[in-house]
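So this block is run-v6.txt, compact mmCIF, C-alpha atoms:
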# COMPACT_ATOMS: atom_id res chain seq x y z
CA MET A 1 -6.14 -3.21 35.23
CA GLY A 2 -8.24 -3.01 32.06
CA LYS A 3 -6.95 -2.19 28.63
CA THR A 4 -8.08 1.06 27.03
CA CYS A 5 -8.28 2.35 23.45
CA GLY A 6 -5.23 4.46 22.67
CA ASP A 7 -7.36 7.07 20.87
CA CYS A 8 -10.67 7.60 22.69
CA GLY A 9 -9.88 5.90 26.02
CA CYS A 10 -12.83 3.51 26.11
CA LYS A 11 -12.29 0.27 28.03
CA GLU A 12 -12.42 -3.21 26.54
CA GLY A 13 -16.01 -4.19 25.83
CA GLU A 14 -17.14 -0.55 25.62
CA TYR A 15 -18.00 1.28 22.41
CA HIS A 16 -15.58 3.81 20.96
CA GLU A 17 -16.36 7.50 21.13
CA PRO A 18 -17.75 8.87 17.84
CA GLY A 19 -14.89 9.79 15.51
CA CYS A 20 -12.35 7.50 17.20
CA ASP A 21 -9.74 6.43 14.67
CA MET A 22 -9.56 2.93 16.20
CA GLU A 23 -13.26 2.10 15.67
CA ARG A 24 -13.95 -0.61 13.09
CA CYS A 25 -16.73 -0.55 10.48
CA PRO A 26 -19.27 -3.32 11.12
CA PHE A 27 -19.74 -3.75 7.35
CA CYS A 28 -16.17 -3.97 5.96
CA GLY A 29 -14.06 -4.29 9.14
CA ARG A 30 -11.75 -1.43 8.18
CA GLN A 31 -11.25 1.82 10.06
CA LEU A 32 -14.73 3.37 10.34
CA ILE A 33 -13.67 6.99 9.85
CA SER A 34 -11.90 6.22 6.56
CA CYS A 35 -13.94 3.44 4.95
CA ARG A 36 -16.44 4.39 2.28
CA CYS A 37 -19.33 2.17 3.43
CA CYS A 38 -21.38 5.20 4.48
CA TYR A 39 -21.78 6.23 0.84
CA LYS A 40 -22.92 2.77 -0.22
CA TYR A 41 -25.42 2.34 2.61
CA LEU A 42 -26.73 5.88 2.21
CA GLY A 43 -27.46 5.12 -1.45
CA PHE A 44 -24.63 6.97 -3.20
CA ASN A 45 -22.64 5.54 -6.10
CA TYR A 46 -19.13 6.06 -4.71
CA ASP A 47 -16.54 5.32 -7.39
CA TRP A 48 -12.91 6.40 -7.11
CA ASN A 49 -12.66 6.71 -10.92
CA LEU A 50 -15.59 9.12 -11.37
CA PRO A 51 -15.42 12.91 -11.02
CA GLN A 52 -16.04 13.83 -7.36
CA ARG A 53 -15.91 10.05 -6.74
CA GLY A 54 -19.49 9.86 -8.03
CA LEU A 55 -20.81 11.95 -5.13
CA PRO A 56 -22.94 15.09 -5.29
CA VAL A 57 -20.68 18.16 -5.32
CA ASP A 58 -21.83 19.42 -1.90
CA ILE A 59 -21.08 16.07 -0.24
CA TYR A 60 -17.78 15.68 -2.08
CA GLU A 61 -16.64 19.15 -0.99
CA ASN A 62 -18.18 19.37 2.51
CA GLY A 63 -18.83 15.81 3.67
CA LEU A 64 -22.08 14.35 4.88
CA THR A 65 -24.79 16.68 6.19
CA LEU A 66 -25.85 16.36 9.84
CA GLU A 67 -29.03 14.63 8.64
CA LEU A 68 -27.01 12.07 6.63
CA CYS A 69 -24.63 11.58 9.59
CA ASP A 70 -27.61 10.79 11.81
CA LYS A 71 -28.98 8.37 9.20
CA TRP A 72 -25.55 6.69 8.92
CA ASP A 73 -25.36 6.43 12.72
CA THR A 74 -28.76 4.70 12.74
CA ILE A 75 -27.59 2.27 10.02
CA LEU A 76 -24.43 1.49 12.02
CA ARG A 77 -26.37 0.90 15.24
CA GLU A 78 -28.87 -1.35 13.47
CA LYS A 79 -25.98 -3.41 12.07
CA GLY A 80 -24.26 -3.41 15.47
CA LEU A 81 -21.32 -1.26 16.51
CA ILE A 82 -18.09 -3.09 17.27
CA PRO A 83 -16.91 -2.75 20.88
CA TYR A 84 -13.25 -2.18 21.63
CA ILE A 85 -11.27 -5.35 22.25
CA GLN A 86 -7.48 -5.24 22.32
CA TYR A 87 -6.12 -8.01 20.16
CA PRO A 88 -2.40 -8.71 20.30
CA VAL A 89 -0.24 -7.57 17.42
CA LEU A 90 2.16 -10.29 16.30
CA CYS A 91 4.86 -10.40 13.65
CA VAL A 92 3.47 -12.75 11.01
CA LYS A 93 6.93 -14.27 10.45
CA CYS A 94 8.43 -14.83 13.92
CA GLY A 95 5.44 -14.28 16.22
CA LYS A 96 7.05 -11.47 18.24
CA LEU A 97 4.41 -9.81 20.41
CA TRP A 98 3.83 -6.05 20.01
CA PRO A 99 6.73 -5.36 17.62
CA GLU A 100 7.73 -1.74 17.13
CA LEU A 101 6.05 -0.43 14.00
CA PHE A 102 8.03 1.12 11.15
CA HIS A 103 7.34 2.54 7.72
CA VAL A 104 8.93 1.91 4.34
CA PRO A 105 7.84 3.23 0.94
CA ASP A 106 4.96 1.27 -0.62
CA GLU A 107 7.06 0.25 -3.63
CA GLU A 108 9.70 -1.28 -1.36
CA TRP A 109 7.11 -3.10 0.78
CA GLU A 110 5.40 -4.51 -2.32
CA TYR A 111 8.72 -5.67 -3.75
CA TYR A 112 9.93 -7.53 -0.66
CA ILE A 113 6.71 -8.72 0.98
CA GLU A 114 4.55 -11.27 -0.83
CA PRO A 115 1.02 -10.08 -1.63
CA ALA A 116 -0.78 -12.29 0.91
CA LYS A 117 1.37 -10.86 3.75
CA GLN A 118 1.38 -7.17 2.74
CA SER A 119 -1.53 -6.34 5.06
CA LYS A 120 0.12 -8.12 8.01
CA VAL A 121 2.59 -6.91 10.64
CA ILE A 122 6.23 -7.83 10.20
CA CYS A 123 8.84 -6.81 12.77
CA TRP A 124 11.91 -4.86 11.72
CA ASP A 125 14.31 -7.78 12.26
CA CYS A 126 12.22 -10.10 10.07
CA TYR A 127 11.81 -7.40 7.43
CA CYS A 128 15.59 -6.93 7.26
CA GLU A 129 16.05 -10.70 7.03
CA ILE A 130 13.53 -10.97 4.19
CA LYS A 131 15.22 -8.12 2.31
CA GLN A 132 18.63 -9.72 2.73
CA LEU A 133 17.40 -13.13 1.56
CA ILE A 134 15.70 -11.68 -1.50
CA ASP A 135 18.61 -9.41 -2.37
CA GLU A 136 21.07 -12.31 -2.11
CA HIS A 137 19.03 -14.36 -4.54
CA LYS A 138 17.54 -11.77 -6.87
CA MET A 139 19.95 -12.65 -9.66
CA VAL A 140 18.60 -16.20 -9.76
CA LYS A 141 15.61 -16.34 -12.08
CA ARG A 142 13.28 -19.20 -12.70
CA ILE A 143 12.70 -19.48 -16.40
CA PHE A 144 10.20 -22.00 -17.67
CA THR A 145 9.71 -23.07 -21.21
CA PRO A 146 6.09 -23.75 -22.18
CA GLU A 147 6.89 -27.49 -22.10
CA GLN A 148 8.28 -27.35 -18.55
CA ASP A 149 5.32 -25.30 -17.42
CA ARG A 150 2.90 -27.95 -18.73
CA GLU A 151 4.93 -30.77 -17.13
CA ASP A 152 4.91 -29.03 -13.73
CA GLY A 153 1.24 -28.03 -13.93

Can you dump the structure from the file as structure tokens?
Amino acid sequence: MGKTCGDCGCKEGEYHEPGCDMERCPFCGRQLISCRCCYKYLGFNYDWNLPQRGLPVDIYENGLTLELCDKWDTILREKGLIPYIQYPVLCVKCGKLWPELFHVPDEEWEYYIEPAKQSKVICWDCYCEIKQLIDEHKMVKRIFTPEQDREDG
């Protein structure tokens, strides 16, 4: 029995249906429908800090035109679409296969989970263990004098 995409239903090795939220961008590797690569490769200066993100008003308000969508599709196909392959999801701490996903506020996640692991999957049991360990020791602070810092460096 083959594995299928949970959104569009394609089988492993097949291409996702257009608009599938599981399809990956061949340029950045993120979710294709939410990455901003289309603007870059279509020649726009997308910048989160600019008014309308640096996009023409009509594109900012209405999205890409059908002509631009077709051009983007051609660019994607020339680069090479990414077929669906189901990779296992593992807890980065204990290795548990297919842990149940959960959500905590970003501020909490960033406080308890070290930066290099924040984009990884952590199961609920490991998350609770990490929180407990950090909370038990949060009163202990490492304070270095400039001399100690130089000696350790």

message: When you look at A:Trp48 with a cut-off of 12 Å (counting all atoms listed in the file), what residues show up, excluding the ones that are within fewer than 3 positions of it in the same chain? I need them as a ChimeraX atom specification.
response: /A:36,39,45,51-55,60

C-alpha atoms of the current selection, written as a short mmCIF file (atom, residue, chain, number, x, y, z; two decimals), keeping the file's coordinate frame:
data_model
loop_
_atom_site.label_atom_id
_atom_site.label_comp_id
_atom_site.auth_asym_id
_atom_site.auth_seq_id
_atom_site.Cartn_x
_atom_site.Cartn_y
_atom_site.Cartn_z
CA ARG A 36 -16.44 4.39 2.28
CA TYR A 39 -21.78 6.23 0.84
CA ASN A 45 -22.64 5.54 -6.10
CA PRO A 51 -15.42 12.91 -11.02
CA GLN A 52 -16.04 13.83 -7.36
CA ARG A 53 -15.91 10.05 -6.74
CA GLY A 54 -19.49 9.86 -8.03
CA LEU A 55 -20.81 11.95 -5.13
CA TYR A 60 -17.78 15.68 -2.08
#

query: What does the distance from atom CA of A:Cys20 to atom CA of A:Glu100 come to in Å, to one decimal?
result: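 A separation of 22.1 Å between them.
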
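Closest approach to A:Glu14 from the set A:Lys120, A:Tyr46, A:Pro56, A:Ile82 is made by A:Ile82, with distances taken over only C-alpha atoms.
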
query: Which residue, A:Cys5, A:Leu32, A:Leu68, A:Val104, has the smallest gap to A:Gln86 when you use only C-alpha atoms?
result: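 Distance minimum relative to A:Gln86 lands on A:Cys5.
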
message: Need the shell around A:Val92: protein/DNA/RNA residues with any atom at most 7 Å away, counting only C-alpha atoms. Skip same-chain ones fewer than 3 positions apart. Format as a VMD selection string?
response: chain A and resid 95 120 to 122

message: Measuring between only C-alpha atoms, which one of A:Trp72, A:Tyr41, A:Tyr87, A:Phe27 shows the shortest distance to A:Thr4?
response: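 That would be A:Tyr87, the residue with the smallest distance to A:Thr4.
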
Compile the contact shell of stretch 125-129 of chain A as a compact mmCIF listing (two decimals) with C-alpha atoms, keeping the file's coordinate frame: residues with an atom at most 8 Å away, counting all atoms listed in the file, same-chain residues fewer than 4 positions apart removed.
# COMPACT_ATOMS: atom_id res chain seq x y z
CA LYS A 93 6.93 -14.27 10.45
CA CYS A 94 8.43 -14.83 13.92
CA LEU A 133 17.40 -13.13 1.56

Test item: which residues lie within 12 Å of (-15.0, -4.6, 8.3) counting all atoms listed in the file, as a list in words: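 Residues satisfying the cut-off, written out: Glu23, Arg24, Cys25, Pro26, Phe27, Cys28, Gly29, Arg30, Gln31, Leu32, Ile33, Ser34, Cys35, Arg36, Cys37, Leu76, Lys79, Gly80, Leu81 and Ile82 of chain A.
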
- prompt: From the set A:Cys123, A:Glu136, A:Lys40, A:Ile75, which residue has the shortest atom-to-atom contact distance to A:Cys91, counting all atoms listed in the file?
  reply: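 The answer is A:Cys123, which sits nearest to A:Cys91.
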
- line: Using all atoms listed in the file, the shortest atom-to-atom distance to A:Ile59 among A:Trp124, A:Leu97, A:Leu42, A:Asp73 belongs to A:Leu42

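With only C-alpha atoms as the atoms that count, the residue of A:Val57, A:Leu66, A:Arg77, A:Ile85 with the shortest distance to A:Gly13 is A:Ile85.
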
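Going from atom CA of A:Asp21 to atom CA of A:Glu78 covers 20.7 Å.
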
message: Just the number, please: distance in Å from atom CA of A:Leu50 to atom CA of A:Glu67, one decimal.
response: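 Going from atom CA of A:Leu50 over to atom CA of A:Glu67 covers 24.7 Å.
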